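Accompanying notes for the structure given below.
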There are 2 protein chains.
Amino acid sequence: MEPQFIRFEDVRSFVLAEGVSRPLFGERGMLNLIEFEPGAVVPLHSHPHEQLGIVLRGMQALVVDGVARELQPMEGYVLPGGVAHSAYCGPDGALVLDVFSPVREDYAKRWQEAG
Amino acid sequence: MEPQFIRFEDVRSFVLAEGVSRPLFGERGMLNLIEFEPGAVVPLHSHPHEQLGIVLRGMQALVVDGVARELQPMEGYVLPGGVAHSAYCGPDGALVLDVFSPVREDYAKRWQEAG
């Protein structure tokens, strides 16, 4: 893989149920910049991929084991692989940078198909 | 590992040559939020870890093979493991979120020692 330098606004987007995503793929991991709509809800789900992230704008709450943590800008999180989680955003939506390792091949496929 | 939820400003910082770092460690990867001083310079170096990141404020240029890419806010990059790179920041410094996979054990050690 070659080095990559991108402007996220120039990255082709793909739509997940919960918002508009702009991904950046490495080999071991990936970034995914998601613009969530006001009040967006992510249903309970899990995946084997480790997920880390940071809220950049707005509020996103992550719910694990029934406990909601409301994350404001510059607050971050780690969800080990396999941890079931849901999420909801505040009335202004949220801009969140998610990081996955390994790469979400399902995202890569959806992104390719959206091209 | 348990889920983690943190406010970066509450994370104990450690000082790299180039700026003040606040890390968040997962098992497969880590985030490192770095506040670079105006005009900060990172000498040419390489590491086997894959590095991805995004500039959040200010300007940071990454230099690979003698070519500088000046990254503005919301611009991202991927540096595959082993790619030699240097960096410099603009007159206002920069706030950059770096992502490494695997975890930088050297950072973990320095962070522990700074505690």
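Within each chain, counting starts at residue 1; across the structure tokens, chains are named A, B, ... in the order shown, with ligands numbered 1 upward in that order.
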
Quiz item: In range 62-92 of chain B, what's strand (DSSP E) per DSSP? Answer as a PyMOL selection string?
Solution: chain B and resi 62-64+67-71+75-79+85-92

Self-check item: Selection: 10 Å around range 97-99 of chain B, only C-alpha atoms, excl. self and same-chain fewer than 5 positions, as a ChimeraX atom specification
Solution: /A:29-31,52-54,97,99 /B:21-25,29-35,49-57,76-78,104

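You can rank A:Gly19, A:Pro43, A:Gly93, A:Gly81 by their closest distance to chain B using only C-alpha atoms, and at the top of that list sits A:Gly81.
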
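Distance check against chain A using only C-alpha atoms: of B:Val67, B:Val11, B:Leu79, B:Ala17, the minimum falls on B:Leu79.
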
Quiz item: Once you count only C-alpha atoms, which residues of chain B turn out to be within 7 Å of chain A? Could you give them as a list in words?
Solution: Met1, Glu2, Pro3, Gln4, Phe5, Ile6, Arg7, Phe8, Gly26, Arg28, Gly29, Glu50, Met74, Glu75, Gly76, Tyr77, Val78, Leu79, Pro80 and Ser101 of chain B

Output C-alpha atoms of each residue in that selection to a file, as a PDB file, in the first residue's frame.
```pdb
ATOM      1  CA  MET B   1     -10.069  -5.067  28.115  1.00  0.00           C
ATOM      2  CA  GLU B   2     -13.127  -3.133  29.272  1.00  0.00           C
ATOM      3  CA  PRO B   3     -14.830  -0.388  27.248  1.00  0.00           C
ATOM      4  CA  GLN B   4     -13.292   3.020  27.891  1.00  0.00           C
ATOM      5  CA  PHE B   5     -14.827   6.484  27.712  1.00  0.00           C
ATOM      6  CA  ILE B   6     -12.537   9.443  28.228  1.00  0.00           C
ATOM      7  CA  ARG B   7     -12.315  13.201  27.928  1.00  0.00           C
ATOM      8  CA  PHE B   8      -9.009  13.849  26.203  1.00  0.00           C
ATOM      9  CA  GLY B  26      -6.941  -0.228  22.711  1.00  0.00           C
ATOM     10  CA  ARG B  28      -5.022  -3.651  18.461  1.00  0.00           C
ATOM     11  CA  GLY B  29      -4.591   0.069  18.031  1.00  0.00           C
ATOM     12  CA  GLU B  50       0.747   1.569  10.381  1.00  0.00           C
ATOM     13  CA  MET B  74     -10.277  17.573   8.114  1.00  0.00           C
ATOM     14  CA  GLU B  75      -7.546  16.231   5.900  1.00  0.00           C
ATOM     15  CA  GLY B  76      -6.307  12.724   6.581  1.00  0.00           C
ATOM     16  CA  TYR B  77      -3.489  10.399   5.732  1.00  0.00           C
ATOM     17  CA  VAL B  78      -2.277   6.813   5.796  1.00  0.00           C
ATOM     18  CA  LEU B  79       1.371   5.927   6.240  1.00  0.00           C
ATOM     19  CA  PRO B  80       1.971   2.208   5.836  1.00  0.00           C
ATOM     20  CA  SER B 101      -1.808  -0.145  14.776  1.00  0.00           C
TER      21      SER B 101
END
```

Exercise. From the DSSP assignment of the backbone, select every residue of chain A that is alpha helix (DSSP H), and format the answer as a ChimeraX atom specification.
Key: /A:105-113

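Excluding Ala87 in chain A itself and any same-chain residue fewer than 3 positions from it, the protein and nucleic acid residues within 12 Å of it, counting only C-alpha atoms, are Glu18, Phe36, Gly39, Ala40, Val41, Val42, Pro43, Leu44, His45, Ser46, Met59, Gln60, Ala61, Leu62, Val63, Val64, Asp65, Gly66, Val67, Ala68, Arg69, Glu70, Leu71, Ala84, Gly90, Gly93, Ala94 and Val96 of chain A.
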
Exercise. Could you tell me how far CA of Cys89 in chain A lies from CA of Glu37 in chain A, in Å and to one decimal?
Key: 7.7 Å

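Between CA of Pro91 in chain B and CA of Gly58 in chain B the interatomic distance comes to 8.3 Å.
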
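Compared by their closest atoms to Val103 in chain A, and using only C-alpha atoms, the residues A:Val20, A:Gly82, A:Arg12, A:Pro48 rank with A:Pro48 nearest.
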